[in-house]
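Trainee: Have a look at the structure that comes next, please.
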Amino acid sequence: MVLILFSAVLTALAMPGMLWGYLIWVALIPFFIAMKEVTPLKGALRAFVWGLVYLLIAHYWELPVLAVNVPEVLNSFPNFIGIVVYFLMGPVIAIPFLAFGFVYGLYQRFFDRYPVLLGLFAASFFTVVEYLREIGPLGFTNGRLSDALLNGQQGISQLLAFGGPLLLVFIIVFVNHYLSHLYLERTRDRAVLIIVSVALVALVNSIMSSFIPIPHSSNKYESTIYALQTNISMQMKYYQPPEETLRIVSRALREIPEGSLVVLPEATFMSDIRSSSTGSQLEEIARERDLKILVGFPTYNDYNFNQVRLVNSEGFSEEFYAKVQLTPFVEFLPWPRVFGVFSFLKFLDYFDPGEEYTIFSVDEHRIGAQICFDSLYSNVARRLTQNGANVIVTATNDGWFDISTALQQHLSKSIARAIENRRYVIQVSNTGISAVIDPYGRIVKRLPSSKELSAEYVIGEFQYLPRVTTTPYTRFGNWFFWFSLLLGIALIILGGVVL
């Protein structure tokens, strides 16, 4: 079990905002050594413990959110309950690893004499399990092995455009598994094996990075979006009238050139402002300065939506994008009969999931907007790109997060979505990180977070190059899941019949 825990710690430390992304190429070696010749039940237990520990450590920043920040703002539960919820969260998101450990323990004996085939088998079923982690009402993709590559491995990350995160997960698991075999085969120079392996990966990454096109330098064909990053505390959002937020927003909007397109964060206003004096004043500013303002606020009609919509010289548009991937327990309650006891975790309100992947056409812009943790799920940005978006905007409220690791992990998801679809992605945050990312995952420009600059707002002038081409991943989505599933089944048949 020591090896399992050691592997879990190394895996967590490879995640964005933690220690070093290259650790991911050796982090699973202790795990696979500990999994050698295990029974199915023991394999399931060890894989579950590994997933539980690594995910809890990788998401350590959620502990102060649940135990301090949320209770202080909502006053709906005591601090110790937040601690309990944090440690209950781990088993829920680690459950899929039970399946991997069981299947691996059941079939690895077929491939004892064939380390490459066993590595392919392990990689294929780990990839299948990783896909299962993202589906269903409790689906959660943060902390994927592939996320580690977004922490300084830009060259290898370009494979996202071909096969998405699952392709990278497959490669990482296969490399670790084969290295674990080499490690066990050697009695000397094991440290050299580890060092040389990481050095080779760094070399491959460097070679692949050299093929990335140089950054676009001419502004002849560029379009401009202004990002209005607010730095408004959650206490103010929940307990001050919307006029206080409007005061900050209106002052910032008057600094932006007339005729511009402006993007504001998710839930800039915490109530439906369309028929209010706040909404009327926002419309007036848009008319006076001919601004097109993409702003986030909830709406309550036949459905409750966490949404963004345009405000321009004609007022509020009828067109909107409603968040598709709602956050469990916070924005909706999955399986109320089972999890009804956790209803106290509700933030502003329970929402209905959006069903439309809306494209906002504003002058030359065709904007696909996603909201907050939408960016954790590849399919949202992919569907927006399929619908014709030539730029992706992520509007988010990161006001709950005090620890920079959370902000870096959130930004890394926008980096992944940019590479997958070869689109510029513009992230606009409240208190978090606002940035423009090019189609190869490079951060072109970044605004200081509220922790770095004490100001009520920061304005960013973000240029991007509209793009219309599509990638294999945009066109075919998670095709690599089906490849991995079929490969795993084929290897089981091969192992049972031939080997």
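Residue numbering restarts at 1 in every chain; chains get A, B, ... in the order shown in the structure tokens, and ligands count up from 1 in that same order.
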Please return as an NGL selection string: the residues of region 152-318 of chain A that backbone DSSP assigns to strand (DSSP E or B).

Mentor: :A and (223-230 or 261-263 or 292-300 or 304-312 or 315-318)

Trainee: Find the residues of region 283-356 of chain A that sit at most 12 Å from region 84-107 of chain A; for each, write down the nearest two atoms and how far apart they are in Å, to one decimal. Count only C-alpha atoms. Sort by chain, then by number going up, and give it as JSON lines.

Mentor:
```
{"residue": "A:Pro328", "atom": "CA", "partner": "A:Met89", "partner_atom": "CA", "distance": 10.9}
{"residue": "A:Phe329", "atom": "CA", "partner": "A:Val85", "partner_atom": "CA", "distance": 10.9}
{"residue": "A:Phe339", "atom": "CA", "partner": "A:Val92", "partner_atom": "CA", "distance": 11.8}
{"residue": "A:Val341", "atom": "CA", "partner": "A:Val85", "partner_atom": "CA", "distance": 11.3}
{"residue": "A:Phe342", "atom": "CA", "partner": "A:Val85", "partner_atom": "CA", "distance": 8.8}
{"residue": "A:Ser343", "atom": "CA", "partner": "A:Val85", "partner_atom": "CA", "distance": 11.9}
{"residue": "A:Phe344", "atom": "CA", "partner": "A:Val85", "partner_atom": "CA", "distance": 10.9}
{"residue": "A:Leu345", "atom": "CA", "partner": "A:Val85", "partner_atom": "CA", "distance": 9.3}
```

Trainee: Select, from A:Phe462, A:Trp20, A:Phe483, A:Tyr440, the residue with the minimum atom-to-atom distance to Val263 (chain A), counting only C-alpha atoms.

Mentor: A:Phe462

Trainee: Write out as number ranges by chain each polymer residue whose atoms come within 12 Å of Phe316 (chain A), counting only C-alpha atoms; drop sequence neighbours fewer than 4 positions from it.

Mentor: A: 272-276, 279-284, 286-287, 292-297, 308-312, 320

Trainee: Using only C-alpha atoms, which of the listed residues (A:Pro64, A:Pro40, A:Gly17, A:Gly155) sits closest to Phe401 (chain A)?

Mentor: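 Checking each candidate against Phe401 (chain A), we get A:Pro64 as the closest.
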
Trainee: In Å, with one decimal, what is the gap from CA of Val249 (chain A) to CA of His410 (chain A)?

Mentor: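 Result for CA of Val249 (chain A) versus CA of His410 (chain A): 23.9 Å, one decimal.
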
Trainee: When you look at Ser449 (chain A) with a cut-off of 12 Å (counting only C-alpha atoms), what residues show up, excluding the ones that are within fewer than 2 positions of it in the same chain? I need them as a compact mmCIF listing (two decimals) with N, CA and C atoms, in the first residue's frame.

Mentor:
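Dumped to part01.txt:
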```txt
# COMPACT_ATOMS: atom_id res chain seq x y z
N GLN A 229 -12.69 42.10 -16.38
CA GLN A 229 -12.53 41.23 -15.22
C GLN A 229 -12.92 41.99 -13.96
N THR A 230 -13.98 41.55 -13.31
CA THR A 230 -14.37 42.15 -12.04
C THR A 230 -13.66 41.44 -10.89
N ASN A 231 -13.42 42.16 -9.82
CA ASN A 231 -12.82 41.58 -8.62
C ASN A 231 -13.78 41.83 -7.45
N ILE A 232 -14.93 41.18 -7.52
CA ILE A 232 -16.00 41.38 -6.55
C ILE A 232 -16.11 40.16 -5.65
N ASP A 398 -14.76 32.87 -10.39
CA ASP A 398 -13.84 32.13 -9.52
C ASP A 398 -13.71 32.78 -8.16
N GLY A 399 -14.75 33.52 -7.76
CA GLY A 399 -14.70 34.25 -6.51
C GLY A 399 -14.66 33.38 -5.26
N PHE A 401 -12.61 30.88 -4.86
CA PHE A 401 -11.30 30.24 -4.72
C PHE A 401 -10.26 31.23 -4.21
N ASP A 402 -9.62 30.88 -3.10
CA ASP A 402 -8.55 31.70 -2.54
C ASP A 402 -7.17 31.22 -2.96
N ILE A 403 -7.07 29.97 -3.37
CA ILE A 403 -5.77 29.35 -3.64
C ILE A 403 -5.51 29.36 -5.14
N SER A 404 -4.30 29.80 -5.51
CA SER A 404 -3.98 29.97 -6.93
C SER A 404 -4.00 28.66 -7.70
N LEU A 407 -7.15 28.30 -9.58
CA LEU A 407 -7.23 29.18 -10.74
C LEU A 407 -6.40 28.65 -11.90
N GLN A 408 -5.23 28.10 -11.59
CA GLN A 408 -4.37 27.56 -12.65
C GLN A 408 -4.97 26.30 -13.26
N LEU A 411 -7.78 27.46 -15.56
CA LEU A 411 -7.25 28.03 -16.80
C LEU A 411 -6.71 26.94 -17.72
N VAL A 428 -12.71 34.97 -19.22
CA VAL A 428 -13.00 36.20 -18.49
C VAL A 428 -13.56 35.81 -17.13
N SER A 429 -12.87 36.23 -16.08
CA SER A 429 -13.17 35.73 -14.74
C SER A 429 -13.51 36.85 -13.78
N ASN A 430 -14.27 36.50 -12.76
CA ASN A 430 -14.40 37.36 -11.59
C ASN A 430 -13.38 36.87 -10.56
N THR A 431 -12.43 37.72 -10.23
CA THR A 431 -11.35 37.52 -9.25
C THR A 431 -10.30 36.51 -9.69
N GLY A 432 -10.55 35.74 -10.73
CA GLY A 432 -9.61 34.70 -11.14
C GLY A 432 -8.67 35.16 -12.23
N ILE A 433 -8.34 34.26 -13.14
CA ILE A 433 -7.41 34.55 -14.22
C ILE A 433 -8.18 34.78 -15.51
N SER A 434 -7.98 35.94 -16.10
CA SER A 434 -8.53 36.24 -17.43
C SER A 434 -7.37 36.26 -18.41
N ALA A 435 -7.56 35.61 -19.55
CA ALA A 435 -6.46 35.48 -20.50
C ALA A 435 -7.00 35.17 -21.89
N ARG A 446 -2.38 37.88 -20.44
CA ARG A 446 -3.04 37.48 -19.19
C ARG A 446 -3.20 38.69 -18.30
N LEU A 447 -4.36 38.81 -17.67
CA LEU A 447 -4.60 39.89 -16.72
C LEU A 447 -4.24 39.42 -15.31
N LYS A 451 -5.69 38.56 -6.54
CA LYS A 451 -4.62 38.34 -5.55
C LYS A 451 -3.36 39.10 -5.94
N GLU A 452 -3.22 39.37 -7.24
CA GLU A 452 -2.01 40.03 -7.74
C GLU A 452 -2.18 41.54 -7.87
N LEU A 453 -3.41 42.00 -8.01
CA LEU A 453 -3.67 43.43 -8.17
C LEU A 453 -4.95 43.78 -7.43
N SER A 454 -4.84 44.66 -6.47
CA SER A 454 -6.01 45.06 -5.69
C SER A 454 -6.73 46.19 -6.43
N ALA A 455 -7.77 45.82 -7.17
CA ALA A 455 -8.55 46.79 -7.94
C ALA A 455 -9.95 46.23 -8.12
N GLU A 456 -10.93 47.11 -8.26
CA GLU A 456 -12.31 46.64 -8.42
C GLU A 456 -12.52 45.97 -9.77
N TYR A 457 -11.72 46.34 -10.74
CA TYR A 457 -11.84 45.72 -12.06
C TYR A 457 -10.54 45.89 -12.82
N VAL A 458 -10.36 45.05 -13.82
CA VAL A 458 -9.22 45.15 -14.74
C VAL A 458 -9.78 44.96 -16.15
N ILE A 459 -9.34 45.78 -17.08
CA ILE A 459 -9.80 45.70 -18.47
C ILE A 459 -8.68 45.16 -19.33
N GLY A 460 -9.00 44.17 -20.14
CA GLY A 460 -8.02 43.61 -21.06
C GLY A 460 -8.47 43.77 -22.50
```

Trainee: What lies within 7 Å of Leu167 (chain A) using only C-alpha atoms, ignoring chain neighbours under 4 positions off, as a ChimeraX atom specification?

Mentor: /A:163,171,480
